[in-house]
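**Student:** File work-v1.cif below, mmCIF, C-alpha atoms and all ligand atoms:
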```
data_entry
#
loop_
_atom_site.group_PDB
_atom_site.id
_atom_site.type_symbol
_atom_site.label_atom_id
_atom_site.label_comp_id
_atom_site.auth_asym_id
_atom_site.auth_seq_id
_atom_site.Cartn_x
_atom_site.Cartn_y
_atom_site.Cartn_z
ATOM 1 C CA MET A 13 12.172 5.980 159.456
ATOM 2 C CA GLN A 14 15.310 3.968 160.162
ATOM 3 C CA VAL A 15 14.882 0.266 160.968
ATOM 4 C CA ALA A 16 17.408 -1.376 163.283
ATOM 5 C CA PRO A 17 17.528 -4.045 165.986
ATOM 6 C CA LEU A 18 15.711 -2.681 169.009
ATOM 7 C CA SER A 19 18.071 -0.963 171.397
ATOM 8 C CA PRO A 20 18.029 -2.348 174.970
ATOM 9 C CA ASP A 21 17.271 1.253 175.983
ATOM 10 C CA ASP A 22 13.957 0.996 174.125
ATOM 11 C CA VAL A 23 12.571 -2.138 175.746
ATOM 12 C CA GLU A 24 10.216 -0.117 177.962
ATOM 13 C CA ALA A 25 9.046 2.016 175.007
ATOM 14 C CA ALA A 26 8.314 -1.111 172.948
ATOM 15 C CA LEU A 27 6.345 -2.709 175.778
ATOM 16 C CA ALA A 28 4.409 0.530 176.299
ATOM 17 C CA LEU A 29 3.597 0.691 172.580
ATOM 18 C CA TRP A 30 2.349 -2.916 172.518
ATOM 19 C CA ASP A 31 0.175 -2.213 175.545
ATOM 20 C CA ALA A 32 -1.175 1.035 174.094
ATOM 21 C CA VAL A 33 -2.183 -0.547 170.772
ATOM 22 C CA GLY A 34 -3.811 -3.607 172.339
ATOM 23 C CA LEU A 35 -1.285 -6.300 171.430
ATOM 24 C CA THR A 36 -0.624 -7.572 174.954
ATOM 25 C CA ARG A 37 -2.687 -10.162 176.794
ATOM 26 C CA PRO A 38 -2.587 -10.987 180.508
ATOM 27 C CA TRP A 39 -1.715 -14.624 179.808
ATOM 28 C CA ASN A 40 1.350 -13.706 177.706
ATOM 29 C CA ASP A 41 4.510 -12.302 179.240
ATOM 30 C CA ALA A 42 5.400 -9.695 176.630
ATOM 31 C CA ARG A 43 8.584 -8.634 178.416
ATOM 32 C CA SER A 44 9.937 -12.149 178.527
ATOM 33 C CA ASP A 45 8.914 -12.700 174.860
ATOM 34 C CA LEU A 46 10.756 -9.557 173.881
ATOM 35 C CA LEU A 47 13.934 -10.260 175.851
ATOM 36 C CA ARG A 48 14.115 -13.850 174.599
ATOM 37 C CA ALA A 49 13.640 -12.728 170.999
ATOM 38 C CA MET A 50 16.344 -10.066 171.382
ATOM 39 C CA ARG A 51 18.970 -12.486 172.617
ATOM 40 C CA GLY A 52 18.045 -15.648 170.676
ATOM 41 C CA PRO A 53 20.047 -16.683 167.605
ATOM 42 C CA ASP A 54 16.920 -17.321 165.520
ATOM 43 C CA SER A 55 14.967 -14.173 166.304
ATOM 44 C CA THR A 56 15.216 -10.440 166.658
ATOM 45 C CA VAL A 57 13.093 -7.435 167.499
ATOM 46 C CA LEU A 58 13.249 -4.602 165.001
ATOM 47 C CA GLY A 59 12.573 -1.022 165.920
ATOM 48 C CA GLY A 60 11.584 1.787 163.570
ATOM 49 C CA TYR A 61 13.161 5.053 164.615
ATOM 50 C CA GLY A 62 12.079 8.556 163.697
ATOM 51 C CA PRO A 63 14.582 11.355 162.898
ATOM 52 C CA ALA A 64 14.911 12.326 166.571
ATOM 53 C CA GLY A 65 15.514 8.703 167.546
ATOM 54 C CA ALA A 66 12.036 8.076 168.952
ATOM 55 C CA LEU A 67 10.660 4.559 168.616
ATOM 56 C CA ILE A 68 7.675 4.666 166.252
ATOM 57 C CA ALA A 69 7.337 1.057 165.075
ATOM 58 C CA THR A 70 8.226 -2.482 166.147
ATOM 59 C CA ALA A 71 8.163 -6.031 164.872
ATOM 60 C CA MET A 72 9.412 -9.249 166.431
ATOM 61 C CA VAL A 73 10.639 -11.719 163.845
ATOM 62 C CA GLY A 74 12.086 -15.193 164.077
ATOM 63 C CA HIS A 75 12.076 -18.610 162.513
ATOM 64 C CA ASP A 76 11.553 -22.194 163.647
ATOM 65 C CA GLY A 77 13.830 -23.718 160.998
ATOM 66 C CA HIS A 78 10.935 -24.119 158.555
ATOM 67 C CA ARG A 79 8.978 -20.855 158.508
ATOM 68 C CA GLY A 80 9.533 -17.308 159.576
ATOM 69 C CA TRP A 81 7.042 -15.783 161.992
ATOM 70 C CA VAL A 82 6.333 -12.175 162.830
ATOM 71 C CA TYR A 83 4.676 -10.857 165.985
ATOM 72 C CA TYR A 84 4.070 -7.517 167.666
ATOM 73 C CA VAL A 85 3.848 -5.472 164.464
ATOM 74 C CA ALA A 86 2.902 -2.025 165.689
ATOM 75 C CA VAL A 87 3.118 1.610 164.703
ATOM 76 C CA THR A 88 2.471 4.397 167.144
ATOM 77 C CA PRO A 89 -1.050 5.793 166.440
ATOM 78 C CA GLU A 90 0.141 9.307 165.534
ATOM 79 C CA ARG A 91 2.468 7.973 162.796
ATOM 80 C CA ARG A 92 0.127 5.565 161.014
ATOM 81 C CA GLY A 93 -0.683 5.738 157.335
ATOM 82 C CA GLU A 94 2.857 6.801 156.411
ATOM 83 C CA GLY A 95 4.115 3.408 155.232
ATOM 84 C CA HIS A 96 6.073 2.631 158.393
ATOM 85 C CA ALA A 97 4.454 -0.759 158.963
ATOM 86 C CA ARG A 98 5.100 -1.680 155.354
ATOM 87 C CA GLN A 99 8.748 -0.694 155.792
ATOM 88 C CA ILE A 100 9.279 -2.685 158.985
ATOM 89 C CA MET A 101 7.511 -5.723 157.489
ATOM 90 C CA ARG A 102 9.845 -5.554 154.481
ATOM 91 C CA ALA A 103 12.784 -5.478 156.910
ATOM 92 C CA CYS A 104 11.367 -8.606 158.614
ATOM 93 C CA GLU A 105 11.103 -10.313 155.233
ATOM 94 C CA GLU A 106 14.709 -9.439 154.485
ATOM 95 C CA TRP A 107 15.795 -10.832 157.869
ATOM 96 C CA VAL A 108 13.946 -14.105 157.191
ATOM 97 C CA ARG A 109 15.323 -14.417 153.659
ATOM 98 C CA ASP A 110 18.819 -13.858 154.999
ATOM 99 C CA GLN A 111 18.316 -16.978 157.154
ATOM 100 C CA GLN A 112 17.487 -19.027 154.006
ATOM 101 C CA ILE A 113 13.874 -19.441 155.127
ATOM 102 C CA PRO A 114 11.441 -19.308 152.179
ATOM 103 C CA LYS A 115 8.260 -17.992 153.809
ATOM 104 C CA LEU A 116 7.162 -15.480 156.416
ATOM 105 C CA GLN A 117 3.800 -15.972 158.074
ATOM 106 C CA LEU A 118 1.810 -14.563 160.946
ATOM 107 C CA MET A 119 -1.364 -14.994 162.926
ATOM 108 C CA VAL A 120 -4.064 -12.348 163.309
ATOM 109 C CA ARG A 121 -6.407 -12.550 166.282
ATOM 110 C CA THR A 122 -10.005 -12.961 165.190
ATOM 111 C CA ASP A 123 -10.964 -9.804 167.134
ATOM 112 C CA ASN A 124 -8.399 -7.843 165.063
ATOM 113 C CA HIS A 125 -9.669 -9.009 161.706
ATOM 114 C CA ASP A 126 -9.662 -5.516 160.140
ATOM 115 C CA VAL A 127 -5.882 -5.591 160.058
ATOM 116 C CA VAL A 128 -5.943 -8.412 157.485
ATOM 117 C CA GLY A 129 -6.368 -5.686 154.835
ATOM 118 C CA PHE A 130 -2.995 -4.282 155.830
ATOM 119 C CA TYR A 131 -1.229 -7.602 155.277
ATOM 120 C CA GLU A 132 -3.115 -8.146 152.015
ATOM 121 C CA ALA A 133 -1.874 -4.759 150.827
ATOM 122 C CA LEU A 134 1.648 -6.156 151.342
ATOM 123 C CA GLY A 135 0.946 -9.326 149.321
ATOM 124 C CA TYR A 136 0.078 -11.735 152.141
ATOM 125 C CA GLU A 137 -2.675 -14.289 151.581
ATOM 126 C CA THR A 138 -4.861 -16.214 154.004
ATOM 127 C CA SER A 139 -3.496 -19.750 154.435
ATOM 128 C CA GLU A 140 -5.765 -22.769 154.254
ATOM 129 C CA VAL A 141 -4.834 -23.952 157.730
ATOM 130 C CA THR A 142 -6.454 -24.113 161.140
ATOM 131 C CA VAL A 143 -4.138 -23.212 163.974
ATOM 132 C CA LEU A 144 -4.485 -25.342 167.097
ATOM 133 C CA GLY A 145 -2.711 -24.801 170.383
ATOM 134 C CA ARG A 146 -2.448 -26.198 173.855
ATOM 135 C CA ARG A 147 -1.457 -24.047 176.775
ATOM 136 C CA PHE A 148 0.678 -25.591 179.500
ATOM 137 C CA VAL A 149 -0.305 -24.553 182.972
ATOM 138 C CA ASP A 150 1.701 -25.225 186.113
HETATM 139 C C1 LIG B 1 -1.642 -2.400 161.382
HETATM 140 C C2 LIG B 1 -0.650 -1.270 161.540
HETATM 141 C C3 LIG B 1 0.701 -1.868 161.969
HETATM 142 C C4 LIG B 1 -0.504 -0.525 160.194
HETATM 143 O O1 LIG B 1 0.461 0.517 160.351
HETATM 144 P P1 LIG B 1 0.622 1.712 159.293
HETATM 145 O O2 LIG B 1 1.987 2.305 159.490
HETATM 146 O O3 LIG B 1 -0.529 2.624 159.384
HETATM 147 O O4 LIG B 1 0.556 0.940 157.908
HETATM 148 P P2 LIG B 1 1.178 1.468 156.522
HETATM 149 O O5 LIG B 1 1.051 2.954 156.450
HETATM 150 O O6 LIG B 1 2.550 0.902 156.340
HETATM 151 O O7 LIG B 1 0.169 0.803 155.488
HETATM 152 C C5 LIG B 1 0.604 -0.018 154.437
HETATM 153 C C6 LIG B 1 -0.583 -0.356 153.580
HETATM 154 O O8 LIG B 1 -1.578 -1.067 154.331
HETATM 155 C C7 LIG B 1 -2.825 -0.385 154.296
HETATM 156 N N1 LIG B 1 -3.427 -0.503 155.617
HETATM 157 C C8 LIG B 1 -2.923 -0.069 156.788
HETATM 158 N N2 LIG B 1 -3.739 -0.383 157.820
HETATM 159 C C9 LIG B 1 -4.793 -1.029 157.257
HETATM 160 C C10 LIG B 1 -5.965 -1.615 157.784
HETATM 161 N N3 LIG B 1 -6.239 -1.611 159.100
HETATM 162 N N4 LIG B 1 -6.841 -2.204 156.910
HETATM 163 C C11 LIG B 1 -6.569 -2.221 155.597
HETATM 164 N N5 LIG B 1 -5.458 -1.701 155.029
HETATM 165 C C12 LIG B 1 -4.593 -1.103 155.852
HETATM 166 C C13 LIG B 1 -2.475 1.044 153.966
HETATM 167 O O9 LIG B 1 -3.554 1.684 153.346
HETATM 168 C C14 LIG B 1 -1.292 0.862 153.038
HETATM 169 O O10 LIG B 1 -1.731 0.505 151.756
HETATM 170 P P3 LIG B 1 -1.135 1.224 150.430
HETATM 171 O O11 LIG B 1 0.365 1.244 150.605
HETATM 172 O O12 LIG B 1 -1.606 0.349 149.326
HETATM 173 O O13 LIG B 1 -1.702 2.578 150.477
HETATM 174 C C15 LIG B 1 -1.113 -0.245 162.616
HETATM 175 O O14 LIG B 1 -2.431 0.140 162.326
HETATM 176 C C16 LIG B 1 -1.061 -0.766 164.047
HETATM 177 O O15 LIG B 1 -0.048 -0.625 164.751
HETATM 178 N N6 LIG B 1 -2.190 -1.365 164.527
HETATM 179 C C17 LIG B 1 -2.285 -1.859 165.909
HETATM 180 C C18 LIG B 1 -1.429 -3.080 166.145
HETATM 181 C C19 LIG B 1 -1.867 -4.268 165.307
HETATM 182 O O16 LIG B 1 -3.036 -4.597 165.224
HETATM 183 N N7 LIG B 1 -0.863 -4.941 164.703
HETATM 184 C C20 LIG B 1 -1.095 -6.127 163.881
HETATM 185 C C21 LIG B 1 -1.130 -7.339 164.718
HETATM 186 S S1 LIG B 1 -1.450 -8.815 163.750
#
```
Could you express the structure from this file as structure tokens?
Ligand SMILES: CC(C)(COP(=O)(O)OP(=O)(O)OC[C@H]1O[C@@H](n2cnc3c(N)ncnc32)[C@H](O)[C@@H]1OP(=O)(O)O)[C@@H](O)C(=O)NCCC(=O)NCCS

**Tutor:**
Amino acid sequence: MQVAPLSPDDVEAALALWDAVGLTRPWNDARSDLLRAMRGPDSTVLGGYGPAGALIATAMVGHDGHRGWVYYVAVTPERRGEGHARQIMRACEEWVRDQQIPKLQLMVRTDNHDVVGFYEALGYETSEVTVLGRRFVD
């Protein structure tokens, strides 16, 4: 698999993948997230491409000046278990390190807890923090 910034031609494929693997939520605008991350100076969306150029993996990575964050890590179901998620996560780490940011972190939804084993396999540890948020509604 080749990892590269997501091509604008693959925006629809990325959104379809996120939908198919259960990463989208009605209250989040995944398209606007993706487009903002693609054009922002402190973020990118990486795509993992198979030999025929098909999109098989994604990850959105960025930083807030203090920490790197990764979102929308996904591998198409038929290509799982081949190390593609590990590879795209390593590419995210490299991107964050290149920005002189010392740590990459991520949030896992409590209903997706099984995936914690994947991140642990890559050396990630549970942080002793509670994440709080406040949603702004118009
Ligand atoms: C999680 C996901 C990205 C893993 O993709 P993948 O390509 O199958 O993962 P890899 O093949 O790179 O696996 C890397 C390592 O993690 C392990 N691993 C993968 N999925 C795992 C899981 N659900 N639980 C525990 N370990 C897991 C693998 O065994 C492998 O370990 P090893 O190298 O020591 O053998 C994929 O299952 C997916 O797209 N899930 C749906 C989307 C999702 O939940 N994303 C995470 C949002 S926080």

**Student:** Got a sec to check which residues sit within 8 Å of (7.1, -10.9, 167.0), counting only C-alpha atoms, and write them as a list in words?

**Tutor:**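 Checked against the point, the hits come out as Leu46, Ala49, Val57, Ala71, Met72, Val73, Gly74, Trp81, Val82, Tyr83, Tyr84 and Val85 of chain A.
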
**Student:** Could you write out the selected residues, including C-alpha atoms, as a short mmCIF file (atom, residue, chain, number, x, y, z; two decimals), keeping the file's coordinate frame?

**Tutor:**
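As written to disk, result31.cif reads:
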```
data_model
loop_
_atom_site.label_atom_id
_atom_site.label_comp_id
_atom_site.auth_asym_id
_atom_site.auth_seq_id
_atom_site.Cartn_x
_atom_site.Cartn_y
_atom_site.Cartn_z
CA LEU A 46 10.76 -9.56 173.88
CA ALA A 49 13.64 -12.73 171.00
CA VAL A 57 13.09 -7.44 167.50
CA ALA A 71 8.16 -6.03 164.87
CA MET A 72 9.41 -9.25 166.43
CA VAL A 73 10.64 -11.72 163.84
CA GLY A 74 12.09 -15.19 164.08
CA TRP A 81 7.04 -15.78 161.99
CA VAL A 82 6.33 -12.18 162.83
CA TYR A 83 4.68 -10.86 165.98
CA TYR A 84 4.07 -7.52 167.67
CA VAL A 85 3.85 -5.47 164.46
#
```

**Student:** Using all atoms listed in the file, which residue out of A:Asp45, A:Asp54, A:Glu132, A:Glu105 lies closest to ligand LIG 1 (chain B)?

**Tutor:** A:Glu132

**Student:** All residues within 8 Å of ligand LIG 1 (chain B) are required, counting all atoms listed in the file; please report them as a ChimeraX atom specification.

**Tutor:** /A:30,33-35,69,83-89,91-99,118-121,124,126-134

**Student:** By how many Å are atom CA of A:Met101 and atom CA of A:Gly80 apart?

**Tutor:**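 The value is 11.9 Å.
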
**Student:** Restricting the calculation to all atoms listed in the file: of A:Arg147, A:Arg102, A:His125, A:Arg109, which residue gets closest to A:His75?

**Tutor:** A:Arg109

**Student:** Evaluating the PyMOL selection byres (((chain A and resi 67) around 12) and not hetatm) on the displayed file yields which residues, as an MDAnalysis selection string?

**Tutor:** chainID A and resid 13:30 58:66 68:71 86:91 96

**Student:** Output stretch 92-118 of chain A with N, CA and C atoms present, as a short mmCIF file (atom, residue, chain, number, x, y, z; two decimals), keeping the file's coordinate frame.

**Tutor:**
```cif
data_model
loop_
_atom_site.label_atom_id
_atom_site.label_comp_id
_atom_site.auth_asym_id
_atom_site.auth_seq_id
_atom_site.Cartn_x
_atom_site.Cartn_y
_atom_site.Cartn_z
N ARG A 92 0.67 6.58 161.93
CA ARG A 92 0.13 5.56 161.01
C ARG A 92 -0.18 6.16 159.63
N GLY A 93 -0.31 5.29 158.68
CA GLY A 93 -0.68 5.74 157.34
C GLY A 93 0.46 6.37 156.58
N GLU A 94 1.68 6.20 157.07
CA GLU A 94 2.86 6.80 156.41
C GLU A 94 3.77 5.73 155.82
N GLY A 95 3.31 4.48 155.82
CA GLY A 95 4.12 3.41 155.23
C GLY A 95 5.13 2.79 156.19
N HIS A 96 5.06 3.15 157.46
CA HIS A 96 6.07 2.63 158.39
C HIS A 96 5.90 1.14 158.65
N ALA A 97 4.66 0.68 158.73
CA ALA A 97 4.45 -0.76 158.96
C ALA A 97 4.91 -1.55 157.74
N ARG A 98 4.63 -1.02 156.58
CA ARG A 98 5.10 -1.68 155.35
C ARG A 98 6.63 -1.79 155.39
N GLN A 99 7.27 -0.70 155.77
CA GLN A 99 8.75 -0.69 155.79
C GLN A 99 9.30 -1.70 156.80
N ILE A 100 8.72 -1.77 157.98
CA ILE A 100 9.28 -2.68 158.99
C ILE A 100 8.96 -4.14 158.61
N MET A 101 7.81 -4.37 157.97
CA MET A 101 7.51 -5.72 157.49
C MET A 101 8.50 -6.14 156.40
N ARG A 102 8.87 -5.22 155.53
CA ARG A 102 9.85 -5.55 154.48
C ARG A 102 11.19 -5.89 155.13
N ALA A 103 11.53 -5.19 156.20
CA ALA A 103 12.78 -5.48 156.91
C ALA A 103 12.71 -6.87 157.55
N CYS A 104 11.54 -7.25 158.06
CA CYS A 104 11.37 -8.61 158.61
C CYS A 104 11.55 -9.64 157.51
N GLU A 105 10.98 -9.37 156.35
CA GLU A 105 11.10 -10.31 155.23
C GLU A 105 12.57 -10.49 154.86
N GLU A 106 13.29 -9.38 154.83
CA GLU A 106 14.71 -9.44 154.49
C GLU A 106 15.47 -10.27 155.52
N TRP A 107 15.13 -10.07 156.80
CA TRP A 107 15.80 -10.83 157.87
C TRP A 107 15.54 -12.33 157.67
N VAL A 108 14.30 -12.69 157.36
CA VAL A 108 13.95 -14.10 157.19
C VAL A 108 14.65 -14.69 155.96
N ARG A 109 14.65 -13.94 154.89
CA ARG A 109 15.32 -14.42 153.66
C ARG A 109 16.81 -14.62 153.90
N ASP A 110 17.39 -13.73 154.68
CA ASP A 110 18.82 -13.86 155.00
C ASP A 110 19.13 -15.14 155.76
N GLN A 111 18.12 -15.70 156.42
CA GLN A 111 18.32 -16.98 157.15
C GLN A 111 18.02 -18.18 156.25
N GLN A 112 17.80 -17.94 154.96
CA GLN A 112 17.49 -19.03 154.01
C GLN A 112 16.15 -19.69 154.31
N ILE A 113 15.23 -18.94 154.84
CA ILE A 113 13.87 -19.44 155.13
C ILE A 113 12.96 -18.88 154.04
N PRO A 114 12.15 -19.76 153.39
CA PRO A 114 11.44 -19.31 152.18
C PRO A 114 10.09 -18.60 152.40
N LYS A 115 9.60 -18.56 153.63
CA LYS A 115 8.26 -17.99 153.81
C LYS A 115 8.15 -17.30 155.17
N LEU A 116 7.47 -16.18 155.16
CA LEU A 116 7.16 -15.48 156.42
C LEU A 116 5.66 -15.55 156.62
N GLN A 117 5.24 -15.90 157.80
CA GLN A 117 3.80 -15.97 158.07
C GLN A 117 3.49 -15.38 159.44
N LEU A 118 2.23 -15.22 159.71
CA LEU A 118 1.81 -14.56 160.95
C LEU A 118 0.38 -14.95 161.28
#
```
